[in-house]
Amino acid sequence: MLTTSVEMRGIVKKFGTVTASDQVDFSANAGEIHALLGENGAGKSTVMSMLSGVYRADEGEIFIHGKTAKIRSPKDAAVLGVGMVFQNFRLVQSLTAAENIVLGEKSSFWRGGGYIKRKYQEIEELAKRYGLAFPADRPIWQLSVGEQQRVEIVKTLYRGADIIILDEPTSVLTPGEAEQLFHTLRVMRQAGKTVIMTTHKLKEVMAATDRISIMRKGKMIATLATADTDELELARLMVGREVTIKRRERETAGGEALLTVKNLEVFADHGRKALDNLSLSVCKGEIVGVAGVAGNGQKELAEVLTGLRAWKKGGIIFDGNTVKLASVRGAIDAGISHVPENRMKSGLAGRLGSVDNLLFKSYRSTDHSTYGFLKTGKNRSWSQELVQRFDVKTPGLDTPVQQLSGGNQQKLLFAREVSHRPKLMVAVHPTQGLDVGATAGVHELLMELRGSGSGVLLISEDLDELLQLSDRILVMYGGAIIGEKTHEEADRETLGMLMAGVRSREGDAV
Amino acid sequence: MDFTTQLLIAAISAGTPLLLATLGGILNERAGIIQLGADGLMLMGAVTTCIVYLRTGNLWLALLATVAVTAVFGLLHSFLCVTLRANQTMSGLAMTLFGSGLSAYLGKPVSGIPLPGTSPKLHLPWLEPIPVLGPIFGRMDYLTWLSLLLVLVLHLLIHRTSWGLHLRAVGDNPATADVMGIRVQLIRYSYVIAGAALIGLAGADMVLAYAPTWNEGLTAGRGWIAVGLVIFARWNPLRALFCACFFGALDSLGFRIQLLGSTVPPYFLKMIPYIVTILVLMYLGYRNRNKPSGTPEALGVPYIREQRF
């Protein structure tokens with residue numbers, strides 16, 4: 001009953017000396033949801049990019065519906081009915097959703113009012129059929145990330161794709177949005193389309209797919225039916241070694257108070273109240289997790305604590321001293337380190353090498369400079385040491401850090417932040433976009449910090465991560481902490497309810 | 001004719017070359033290629049018009065030659081910026097320097113020789129009796145009519161046609177446009193060449209309407225004003241019309257005040273356009289501080305397909 005719609009044989013792709021895809025065989029059927037599972041840099045996206053014409057394969061053959069296909073450009077792929085939803089959306093920000101969707105259409109030259117109206121209708125019908133809602137007449141930059149993804153999906157459907165590739169589709173979605181996406185994928189399967197999804201999230205793969213192909217280091221390792229496997233086996237195949245996804249063992253926490261925040265009130269950029277009467281505390285040797293759906297004030301909380309944002313009311317006491325005003329320099333000197341949400345935006349300078357990036361917070365100290373002149377030789381050997389200690393894989397100390405993989409960038413960032421022995425680390429989504437191995441490395445580092453008596457405020461949207469690492473989990477909603485659970489009482493369900501703003505009943509342990 | 005009407009006429013006539021050059025710049029930059037060569041292109045346009053007009057006595061042939069010559073400059077600019085991915089600022093400055101040098105050299109033999117005629121006017125006798133509109137539109141240059149028509153055509157082209165959609169996409173996000181099967185390089189080449197030709201026409205209009213004779217450095221930096229007007233108009237042809245007329249009015253205001261017998265030294269009057277520009281920029285900057293600037297996102301960024309990111 002199932003027919004093979006995509007077949008790739010012996011696909012090889014090299015970028016310079018790096019083999020991103022090494023003799024890969026892959027096939028998917030019509031009417032199935034097929035996951036391509038692998039760590040970051042395993043070559044999933046590369047293989048899919050060749051199927052969609054963004055890259056050209058150096059060797060190998062591709063068959064679409066049993067026929068040899070020469071896919072040399074995205075145009076060729078579109079003609080064959082292959083559409084891809086990229087991780088970095090291919091949308092023009094200044095155009096409306098509808099304009100983006102009809103962008104590739106060659107038919108009519110004149111695009112007057114009648115045409116636009118007709119298109120709105122067509123798009124709306126299509127969107128409704130697949131359960132994808134978004135405002136078609138608004139420019140993309142006004143839409144949320146989830147909505148933008150829906151526009152992308154409708155775009156591929158509109159262009160008549162029957163082989164739909166989604167590259168890491170859930171990495172930008174909230175759990176609720178992801179559930180909605182899976183519903184859409186099931187409707188597509190029903191309609192006989194081939195759905196291919198690359199991901200490194202095991203839970204999703206188990207919940208939403210029919211078959212799974214696993215890649216590791218550019219090679220295809222195995223293809224399994226989802227019903228015949230489990231998370232543990234997948235994890236083993238994916239990383240080539242066992243990775244525990246259990247809660248991390250630890251000594252009980254219980255140092256003295258390190259950070260106390262009382263009744264904080266903070267306004268965001270456009271005068272919106274971002275933190276409303278927020279109080280929390282972090283002790284020495286404790287990891288405090290902050291859960292919450294993005295946009296509930298987490299970003300502002302991190303900014304206030306690291307000195308990037310001023311506050312209106314309330315007080316912050318850090319390590320026994322009252323913090324009087326927002327100062328980044330003050331926060332660094334006081335021993336607060338920061339792993340920002342977007343490492344390439346506010347964490348690292350992409351075009352500079354490792355040495356310069358490592359020096360950003362410590363160049364002032366007499367260890368690294370005298371009278372404003374950097375001690376070049378000493379700084380290099382210091383950097384070399386850090387790079388080795390934190391196992392950052394880089395071709396050289398002067399290689400621009402934007403050329404490193406996400407995991408290595410994050411390791412480098414941690415190396416800088418941990419090297420000056422912080423008393424408190426504010427880590428925001430520290431494992432976002434990292435593969436299993438790199439994630440484990442980051443978790444290890446956070447646990448080490450905890451072990452050495454530092455406090456960690458871990459702001460994350462990944463509940464598994466929070467449950468694994470935190471001693472206490474706070475839930476943020478509408479700029480305040482609306483619930484607190486110790487690690488013994490916390491579970492996904494209650495946290496999920498709190499994240500949605502459902503307060504615990506009176507008398508509950510809050 | 002009263003002062004206001006005279007000023008309006010002067011504004012439109014002084015604004016025409018600015019408008020043509022601004023529209024050309026908009027086409028260039030909407031496709032994502034910075035155009036800093038405007039002044040050189042205008043000079044090349046002006047000198048070509050003068051030479052061909054003087055040699056053949058045929059104005060239309062002269063304009064055709066102008067379009068052809070500046071289109072070649074546009075081709076060179078797009079070859080440098082699109083195919084060779086050279087720095088667009090440098091390429092633009094090279095166009096300006098090259099254009100002003102070459103025009104000075106080529107223009108030597110025709111320098112100071114008056115042209116056989118000025119810019120031809122379209123005479124509409126039925127409009128003349130109407131107050132204000134009559135004197136303005138009754139005897140307007142063909143090139144001015146052309147520029148007004150272009151405002152409308154380009155506005156519709158950019159916002160109401162598939163070509164315009166492709167143009168906007170290429171200027172904002174060439175990678176996306178490419179994935180959607182739009183030929184990024186071809187579109188960039190076409191609009192850079194078309195834009196350069198329009199800027200060349202602006203030079204032709206300057207020499208025909210202002211001073212019907214070639215002088216070295218004839219544009220007096222108006223190409224640079226057009227570069228500013230592109231940004232001022234936020235890459236929109238309708239706003240370009242307003243901006244060009246506004247600046248044209250300022251340009252002629254100083255002269256008119258002088259005619260009224262003012263005692264203010266003429267040097268101060270010549271400053272008016274520039275001072276007012278600064279003030280208006282400050283005001284607009286303040287008013288639009290929370291709006292998107294309208295800058296094409298990919299402006300100045302060469303596009304490479306197989307780039308890992």
# chains A, B, ... in the order shown; residues from 1 in each chain; ligands from 1
$ closest_atom_pairs --of "chain B" --to "chain A" --cutoff "9 Å" --atoms "only C-alpha atoms" --output "JSON lines"
{"residue": "B:Leu157", "atom": "CA", "partner": "A:Trp110", "partner_atom": "CA", "distance": 8.6}
{"residue": "B:His159", "atom": "CA", "partner": "A:Arg111", "partner_atom": "CA", "distance": 8.2}
{"residue": "B:Arg160", "atom": "CA", "partner": "A:Arg111", "partner_atom": "CA", "distance": 4.8}
{"residue": "B:Thr161", "atom": "CA", "partner": "A:Trp110", "partner_atom": "CA", "distance": 4.6}
{"residue": "B:Ser162", "atom": "CA", "partner": "A:Phe109", "partner_atom": "CA", "distance": 5.1}
{"residue": "B:Trp163", "atom": "CA", "partner": "A:Phe109", "partner_atom": "CA", "distance": 7.0}
{"residue": "B:Leu165", "atom": "CA", "partner": "A:Leu103", "partner_atom": "CA", "distance": 6.8}
{"residue": "B:His166", "atom": "CA", "partner": "A:Leu103", "partner_atom": "CA", "distance": 6.9}
{"residue": "B:Arg168", "atom": "CA", "partner": "A:Leu95", "partner_atom": "CA", "distance": 7.9}
{"residue": "B:Ala169", "atom": "CA", "partner": "A:Val92", "partner_atom": "CA", "distance": 6.0}
{"residue": "B:Val170", "atom": "CA", "partner": "A:Val92", "partner_atom": "CA", "distance": 8.8}
{"residue": "B:Asp172", "atom": "CA", "partner": "A:Val92", "partner_atom": "CA", "distance": 6.2}
{"residue": "B:Asn173", "atom": "CA", "partner": "A:Val92", "partner_atom": "CA", "distance": 5.6}
{"residue": "B:Pro174", "atom": "CA", "partner": "A:Val92", "partner_atom": "CA", "distance": 8.7}
{"residue": "B:Ala175", "atom": "CA", "partner": "A:Arg90", "partner_atom": "CA", "distance": 7.2}
{"residue": "B:Thr176", "atom": "CA", "partner": "A:Arg90", "partner_atom": "CA", "distance": 4.7}
{"residue": "B:Ala177", "atom": "CA", "partner": "A:Leu103", "partner_atom": "CA", "distance": 7.7}
{"residue": "B:Asp178", "atom": "CA", "partner": "A:Pro74", "partner_atom": "CA", "distance": 7.4}
{"residue": "B:Val179", "atom": "CA", "partner": "A:Pro74", "partner_atom": "CA", "distance": 5.1}
{"residue": "B:Met180", "atom": "CA", "partner": "A:Gly104", "partner_atom": "CA", "distance": 4.8}
{"residue": "B:Gly181", "atom": "CA", "partner": "A:Lys75", "partner_atom": "CA", "distance": 4.8}
{"residue": "B:Ile182", "atom": "CA", "partner": "A:Gly104", "partner_atom": "CA", "distance": 6.7}
{"residue": "B:Gly294", "atom": "CA", "partner": "A:Ser94", "partner_atom": "CA", "distance": 8.3}
{"residue": "B:Pro296", "atom": "CA", "partner": "A:Ser94", "partner_atom": "CA", "distance": 8.5}
{"residue": "B:Glu297", "atom": "CA", "partner": "A:Gln93", "partner_atom": "CA", "distance": 8.5}
{"residue": "B:Arg305", "atom": "CA", "partner": "A:Val54", "partner_atom": "CA", "distance": 7.7}
{"residue": "B:Glu306", "atom": "CA", "partner": "A:Tyr55", "partner_atom": "CA", "distance": 6.4}
{"residue": "B:Phe309", "atom": "CA", "partner": "A:Gln403", "partner_atom": "CA", "distance": 8.7}
$ write_last_selection --atoms "C-alpha atoms" --output "mmCIF file, in the first residue's frame"
data_model
loop_
_atom_site.group_PDB
_atom_site.id
_atom_site.type_symbol
_atom_site.label_atom_id
_atom_site.label_comp_id
_atom_site.auth_asym_id
_atom_site.auth_seq_id
_atom_site.Cartn_x
_atom_site.Cartn_y
_atom_site.Cartn_z
ATOM 1 C CA LEU B 157 5.252 48.377 -10.647
ATOM 2 C CA HIS B 159 3.437 47.536 -5.284
ATOM 3 C CA ARG B 160 0.951 46.092 -7.740
ATOM 4 C CA THR B 161 2.766 43.674 -10.025
ATOM 5 C CA SER B 162 4.555 40.362 -9.797
ATOM 6 C CA TRP B 163 7.754 42.049 -10.997
ATOM 7 C CA LEU B 165 6.994 41.630 -5.664
ATOM 8 C CA HIS B 166 10.101 39.915 -7.012
ATOM 9 C CA ARG B 168 11.065 43.724 -3.153
ATOM 10 C CA ALA B 169 11.879 40.121 -2.291
ATOM 11 C CA VAL B 170 15.307 40.286 -3.925
ATOM 12 C CA ASP B 172 15.022 42.203 1.262
ATOM 13 C CA ASN B 173 15.939 38.548 1.271
ATOM 14 C CA PRO B 174 17.674 37.214 -1.837
ATOM 15 C CA ALA B 175 18.108 33.735 -0.340
ATOM 16 C CA THR B 176 14.345 33.389 0.007
ATOM 17 C CA ALA B 177 13.741 34.799 -3.451
ATOM 18 C CA ASP B 178 16.193 32.258 -4.841
ATOM 19 C CA VAL B 179 14.459 29.364 -3.126
ATOM 20 C CA MET B 180 11.177 30.602 -4.616
ATOM 21 C CA GLY B 181 12.651 30.306 -8.085
ATOM 22 C CA ILE B 182 13.290 33.997 -8.673
ATOM 23 C CA GLY B 294 12.011 50.924 4.924
ATOM 24 C CA PRO B 296 15.824 47.000 1.920
ATOM 25 C CA GLU B 297 17.243 44.429 4.333
ATOM 26 C CA ARG B 305 23.880 30.712 -3.032
ATOM 27 C CA GLU B 306 25.868 27.881 -1.471
ATOM 28 C CA PHE B 309 25.161 29.864 7.654
#
$ residues_around --residues "range 56-73 of chain B" --least-positions-apart "4" --cutoff "8 Å" --atoms "only C-alpha atoms" --output "compact mmCIF listing (two decimals) with N, CA and C atoms, in the first residue's frame"
# COMPACT_ATOMS: atom_id res chain seq x y z
N LEU B 41 27.21 59.38 -12.82
CA LEU B 41 26.29 58.98 -13.88
C LEU B 41 25.58 60.20 -14.47
N MET B 44 27.97 61.97 -16.73
CA MET B 44 28.12 61.24 -17.99
C MET B 44 26.89 61.44 -18.86
N GLY B 45 25.70 61.42 -18.23
CA GLY B 45 24.47 61.65 -18.98
C GLY B 45 24.48 63.03 -19.62
N ALA B 46 24.88 64.03 -18.84
CA ALA B 46 24.86 65.41 -19.35
C ALA B 46 25.83 65.57 -20.50
N THR B 48 27.12 63.29 -22.51
CA THR B 48 26.69 62.53 -23.69
C THR B 48 25.61 63.29 -24.45
N THR B 49 24.65 63.82 -23.70
CA THR B 49 23.58 64.59 -24.34
C THR B 49 24.18 65.75 -25.14
N CYS B 50 25.09 66.50 -24.51
CA CYS B 50 25.67 67.67 -25.17
C CYS B 50 26.40 67.27 -26.45
N ILE B 51 27.25 66.24 -26.34
CA ILE B 51 28.06 65.87 -27.51
C ILE B 51 27.17 65.43 -28.66
N VAL B 52 26.26 64.49 -28.37
CA VAL B 52 25.45 63.93 -29.45
C VAL B 52 24.50 64.99 -30.02
N HIS B 77 28.68 48.56 -13.06
CA HIS B 77 28.42 48.58 -11.61
C HIS B 77 27.83 47.24 -11.16
N MET B 95 32.46 54.80 -9.64
CA MET B 95 31.59 55.30 -10.72
C MET B 95 31.58 56.83 -10.70
N PRO B 116 21.77 73.52 -29.49
CA PRO B 116 20.82 74.05 -30.48
C PRO B 116 19.45 74.35 -29.88
N ILE B 193 20.87 48.41 -14.08
CA ILE B 193 21.05 49.03 -15.39
C ILE B 193 19.95 50.05 -15.66
N ALA B 194 18.69 49.66 -15.38
CA ALA B 194 17.58 50.59 -15.60
C ALA B 194 17.74 51.83 -14.71
N ALA B 196 20.51 53.11 -13.52
CA ALA B 196 21.61 53.94 -14.02
C ALA B 196 21.14 54.77 -15.20
N ALA B 197 20.35 54.16 -16.09
CA ALA B 197 19.86 54.90 -17.26
C ALA B 197 18.99 56.07 -16.82
N LEU B 198 18.15 55.86 -15.79
CA LEU B 198 17.31 56.95 -15.30
C LEU B 198 18.16 58.08 -14.73
N ILE B 199 19.20 57.72 -14.02
CA ILE B 199 20.08 58.74 -13.45
C ILE B 199 20.78 59.50 -14.59
N GLY B 200 21.12 58.77 -15.66
CA GLY B 200 21.70 59.42 -16.83
C GLY B 200 20.74 60.45 -17.42
N LEU B 201 19.46 60.08 -17.51
CA LEU B 201 18.45 61.01 -18.01
C LEU B 201 18.36 62.25 -17.12
N ALA B 204 20.87 64.50 -18.29
CA ALA B 204 20.44 65.12 -19.55
C ALA B 204 19.48 66.26 -19.27
$ residues_around --residues "Gly228 in chain B" --least-positions-apart "3" --cutoff "12 Å" --atoms "only C-alpha atoms" --output "PyMOL selection string"
chain B and resi 18-19+21-23+25-26+34-36+38-39+221-225+231-235+240+243-244+247+274+277-278+281
$ residues_around --residues "Gly314 in chain A" --least-positions-apart "2" --cutoff "6 Å" --atoms "only C-alpha atoms" --output "ChimeraX atom specification"
/A:262-264
$ select_by_dssp --residues "range 110-225 of chain B" --states "helix (DSSP H, G or I)" --output "number ranges by chain"
B: 110, 125-127, 133-137, 142-160, 162-172, 174-179, 184-209, 222-225
$ residues_around --residues "Thr83 in chain B" --least-positions-apart "6" --cutoff "10 Å" --atoms "only C-alpha atoms" --output "MDAnalysis selection string"
chainID B and resid 77 185 189 302:304
$ write_last_selection --atoms "N, CA and C atoms" --output "mmCIF file, in the first residue's frame"
data_model
loop_
_atom_site.group_PDB
_atom_site.id
_atom_site.type_symbol
_atom_site.label_atom_id
_atom_site.label_comp_id
_atom_site.auth_asym_id
_atom_site.auth_seq_id
_atom_site.Cartn_x
_atom_site.Cartn_y
_atom_site.Cartn_z
ATOM 1 N N HIS B 77 28.680 48.556 -13.056
ATOM 2 C CA HIS B 77 28.416 48.576 -11.615
ATOM 3 C C HIS B 77 27.826 47.237 -11.158
ATOM 4 N N GLN B 185 20.180 37.219 -9.594
ATOM 5 C CA GLN B 185 21.227 37.948 -10.312
ATOM 6 C C GLN B 185 20.629 38.725 -11.485
ATOM 7 N N TYR B 189 20.830 42.734 -11.971
ATOM 8 C CA TYR B 189 21.407 43.347 -13.168
ATOM 9 C C TYR B 189 20.405 44.299 -13.827
ATOM 10 N N PRO B 302 26.167 41.248 -0.890
ATOM 11 C CA PRO B 302 26.149 40.395 -2.084
ATOM 12 C C PRO B 302 25.520 39.059 -1.757
ATOM 13 N N TYR B 303 24.943 38.411 -2.758
ATOM 14 C CA TYR B 303 24.272 37.141 -2.510
ATOM 15 C C TYR B 303 25.072 35.984 -3.095
ATOM 16 N N ILE B 304 25.324 35.002 -2.255
ATOM 17 C CA ILE B 304 26.024 33.794 -2.679
ATOM 18 C C ILE B 304 25.130 32.623 -2.335
#
$ residues_around --residues "Leu397 in chain A" --least-positions-apart "5" --cutoff "8 Å" --atoms "only C-alpha atoms" --output "PyMOL selection string"
chain A and resi 353-355+380+383-384
$ write_last_selection --atoms "N, CA, C and O atoms" --output "compact mmCIF listing (two decimals), in the first residue's frame"
# COMPACT_ATOMS: atom_id res chain seq x y z
N GLY A 353 38.28 35.90 16.99
CA GLY A 353 38.73 34.56 17.34
C GLY A 353 38.45 34.23 18.80
O GLY A 353 37.86 35.02 19.54
N SER A 354 38.91 33.05 19.22
CA SER A 354 38.63 32.59 20.57
C SER A 354 39.30 33.46 21.63
O SER A 354 38.71 33.75 22.66
N VAL A 355 40.54 33.90 21.37
CA VAL A 355 41.26 34.66 22.39
C VAL A 355 40.48 35.93 22.75
O VAL A 355 40.23 36.20 23.92
N ARG A 380 47.31 34.36 25.12
CA ARG A 380 47.18 33.24 24.18
C ARG A 380 47.29 31.91 24.91
O ARG A 380 46.48 31.01 24.70
N SER A 383 44.26 31.30 26.93
CA SER A 383 43.13 30.90 26.09
C SER A 383 43.28 29.44 25.66
O SER A 383 42.32 28.67 25.68
N GLN A 384 44.50 29.11 25.26
CA GLN A 384 44.78 27.74 24.84
C GLN A 384 44.38 26.75 25.94
O GLN A 384 43.71 25.75 25.68
$ residues_around --residues "Ser327 in chain A" --least-positions-apart "4" --cutoff "8 Å" --atoms "only C-alpha atoms" --output "VMD selection string"
chain A and resid 306 to 308 331
$ atom_distance --atom1 "CA of Glu303 in chain A" --atom2 "CA of Arg472 in chain A"
21.0 Å
$ atom_distance --atom1 "CA of Asp319 in chain A" --atom2 "CA of Val442 in chain A"
25.0 Å
$ select_by_dssp --residues "range 29-207 of chain A" --states "strand (DSSP E)" --output "MDAnalysis selection string"
chainID A and resid 29 32:37 59:64 67:68 82:85 163:167 194:199
$ write_last_selection --atoms "C-alpha atoms" --output "short mmCIF file (atom, residue, chain, number, x, y, z; two decimals), in the first residue's frame"
data_model
loop_
_atom_site.label_atom_id
_atom_site.label_comp_id
_atom_site.auth_asym_id
_atom_site.auth_seq_id
_atom_site.Cartn_x
_atom_site.Cartn_y
_atom_site.Cartn_z
CA ASN A 29 7.04 6.76 1.64
CA GLU A 32 4.03 8.68 6.33
CA ILE A 33 5.70 10.99 8.78
CA HIS A 34 9.37 10.18 8.61
CA ALA A 35 11.86 11.55 11.13
CA LEU A 36 15.49 12.15 10.28
CA LEU A 37 17.12 12.02 13.67
CA GLU A 59 27.93 12.07 -5.80
CA GLY A 60 24.86 9.88 -5.65
CA GLU A 61 21.41 9.60 -7.16
CA ILE A 62 17.99 10.88 -6.18
CA PHE A 63 14.74 9.27 -7.27
CA ILE A 64 11.39 10.99 -6.85
CA LYS A 67 12.15 8.39 -11.50
CA THR A 68 15.71 9.70 -11.57
CA VAL A 82 9.54 18.88 -3.03
CA GLY A 83 9.06 21.73 -0.56
CA MET A 84 11.19 22.52 2.47
CA VAL A 85 10.42 24.50 5.61
CA ILE A 163 6.98 15.87 -0.34
CA ILE A 164 7.33 18.24 2.59
CA ILE A 165 10.56 18.55 4.53
CA LEU A 166 10.61 20.33 7.88
CA ASP A 167 14.01 21.22 9.29
CA THR A 194 5.30 12.53 2.39
CA VAL A 195 6.33 14.36 5.54
CA ILE A 196 10.01 14.36 6.47
CA MET A 197 11.08 16.05 9.69
CA THR A 198 14.62 16.51 10.93
CA THR A 199 15.02 16.77 14.67
#
$ decode --residues "range 349-368 of chain A" --atoms "N, CA, C and O atoms" --output "PDB file, in the first residue's frame"
ATOM      1  N   ALA A 349      31.423  37.639  19.831  1.00  0.00           N
ATOM      2  CA  ALA A 349      31.601  38.456  18.632  1.00  0.00           C
ATOM      3  C   ALA A 349      32.043  37.519  17.526  1.00  0.00           C
ATOM      4  O   ALA A 349      33.160  37.026  17.536  1.00  0.00           O
ATOM      5  N   GLY A 350      31.122  37.252  16.594  1.00  0.00           N
ATOM      6  CA  GLY A 350      31.301  36.176  15.622  1.00  0.00           C
ATOM      7  C   GLY A 350      32.564  36.225  14.789  1.00  0.00           C
ATOM      8  O   GLY A 350      33.132  35.206  14.453  1.00  0.00           O
ATOM      9  N   ARG A 351      32.996  37.433  14.426  1.00  0.00           N
ATOM     10  CA  ARG A 351      34.126  37.487  13.503  1.00  0.00           C
ATOM     11  C   ARG A 351      35.462  37.467  14.220  1.00  0.00           C
ATOM     12  O   ARG A 351      36.505  37.404  13.585  1.00  0.00           O
ATOM     13  N   LEU A 352      35.440  37.585  15.530  1.00  0.00           N
ATOM     14  CA  LEU A 352      36.699  37.548  16.265  1.00  0.00           C
ATOM     15  C   LEU A 352      37.030  36.113  16.652  1.00  0.00           C
ATOM     16  O   LEU A 352      36.176  35.240  16.666  1.00  0.00           O
ATOM     17  N   GLY A 353      38.284  35.897  16.992  1.00  0.00           N
ATOM     18  CA  GLY A 353      38.729  34.561  17.340  1.00  0.00           C
ATOM     19  C   GLY A 353      38.455  34.229  18.800  1.00  0.00           C
ATOM     20  O   GLY A 353      37.856  35.015  19.541  1.00  0.00           O
ATOM     21  N   SER A 354      38.906  33.049  19.220  1.00  0.00           N
ATOM     22  CA  SER A 354      38.626  32.587  20.571  1.00  0.00           C
ATOM     23  C   SER A 354      39.296  33.465  21.628  1.00  0.00           C
ATOM     24  O   SER A 354      38.707  33.750  22.664  1.00  0.00           O
ATOM     25  N   VAL A 355      40.536  33.901  21.366  1.00  0.00           N
ATOM     26  CA  VAL A 355      41.259  34.661  22.385  1.00  0.00           C
ATOM     27  C   VAL A 355      40.484  35.927  22.747  1.00  0.00           C
ATOM     28  O   VAL A 355      40.226  36.203  23.924  1.00  0.00           O
ATOM     29  N   ASP A 356      40.114  36.694  21.725  1.00  0.00           N
ATOM     30  CA  ASP A 356      39.413  37.950  21.987  1.00  0.00           C
ATOM     31  C   ASP A 356      38.098  37.707  22.699  1.00  0.00           C
ATOM     32  O   ASP A 356      37.727  38.424  23.620  1.00  0.00           O
ATOM     33  N   ASN A 357      37.358  36.669  22.269  1.00  0.00           N
ATOM     34  CA  ASN A 357      36.079  36.392  22.889  1.00  0.00           C
ATOM     35  C   ASN A 357      36.229  35.984  24.355  1.00  0.00           C
ATOM     36  O   ASN A 357      35.408  36.330  25.185  1.00  0.00           O
ATOM     37  N   LEU A 358      37.308  35.262  24.642  1.00  0.00           N
ATOM     38  CA  LEU A 358      37.518  34.836  26.027  1.00  0.00           C
ATOM     39  C   LEU A 358      37.902  36.010  26.918  1.00  0.00           C
ATOM     40  O   LEU A 358      37.642  36.015  28.118  1.00  0.00           O
ATOM     41  N   LEU A 359      38.512  37.032  26.305  1.00  0.00           N
ATOM     42  CA  LEU A 359      39.033  38.141  27.102  1.00  0.00           C
ATOM     43  C   LEU A 359      37.980  39.181  27.491  1.00  0.00           C
ATOM     44  O   LEU A 359      38.228  40.016  28.354  1.00  0.00           O
ATOM     45  N   PHE A 360      36.813  39.135  26.833  1.00  0.00           N
ATOM     46  CA  PHE A 360      35.860  40.237  26.955  1.00  0.00           C
ATOM     47  C   PHE A 360      35.571  40.686  28.383  1.00  0.00           C
ATOM     48  O   PHE A 360      35.358  41.851  28.648  1.00  0.00           O
ATOM     49  N   LYS A 361      35.543  39.739  29.316  1.00  0.00           N
ATOM     50  CA  LYS A 361      35.143  40.135  30.667  1.00  0.00           C
ATOM     51  C   LYS A 361      36.319  40.299  31.612  1.00  0.00           C
ATOM     52  O   LYS A 361      36.165  40.785  32.712  1.00  0.00           O
ATOM     53  N   SER A 362      37.502  39.860  31.177  1.00  0.00           N
ATOM     54  CA  SER A 362      38.611  39.866  32.132  1.00  0.00           C
ATOM     55  C   SER A 362      39.804  40.686  31.656  1.00  0.00           C
ATOM     56  O   SER A 362      40.817  40.726  32.321  1.00  0.00           O
ATOM     57  N   TYR A 363      39.673  41.352  30.491  1.00  0.00           N
ATOM     58  CA  TYR A 363      40.844  42.029  29.940  1.00  0.00           C
ATOM     59  C   TYR A 363      41.371  43.135  30.862  1.00  0.00           C
ATOM     60  O   TYR A 363      42.518  43.518  30.795  1.00  0.00           O
ATOM     61  N   ARG A 364      40.516  43.622  31.752  1.00  0.00           N
ATOM     62  CA  ARG A 364      40.938  44.730  32.612  1.00  0.00           C
ATOM     63  C   ARG A 364      41.907  44.297  33.703  1.00  0.00           C
ATOM     64  O   ARG A 364      42.688  45.082  34.190  1.00  0.00           O
ATOM     65  N   SER A 365      41.794  43.025  34.094  1.00  0.00           N
ATOM     66  CA  SER A 365      42.573  42.581  35.248  1.00  0.00           C
ATOM     67  C   SER A 365      44.066  42.602  34.920  1.00  0.00           C
ATOM     68  O   SER A 365      44.464  42.499  33.758  1.00  0.00           O
ATOM     69  N   THR A 366      44.884  42.740  35.949  1.00  0.00           N
ATOM     70  CA  THR A 366      46.329  42.847  35.731  1.00  0.00           C
ATOM     71  C   THR A 366      46.915  41.546  35.193  1.00  0.00           C
ATOM     72  O   THR A 366      48.025  41.533  34.688  1.00  0.00           O
ATOM     73  N   ASP A 367      46.155  40.455  35.295  1.00  0.00           N
ATOM     74  CA  ASP A 367      46.637  39.210  34.698  1.00  0.00           C
ATOM     75  C   ASP A 367      46.700  39.304  33.193  1.00  0.00           C
ATOM     76  O   ASP A 367      47.476  38.616  32.546  1.00  0.00           O
ATOM     77  N   HIS A 368      45.828  40.142  32.629  1.00  0.00           N
ATOM     78  CA  HIS A 368      45.684  40.140  31.180  1.00  0.00           C
ATOM     79  C   HIS A 368      46.179  41.412  30.504  1.00  0.00           C
ATOM     80  O   HIS A 368      46.354  41.442  29.302  1.00  0.00           O
TER      81      HIS A 368
END
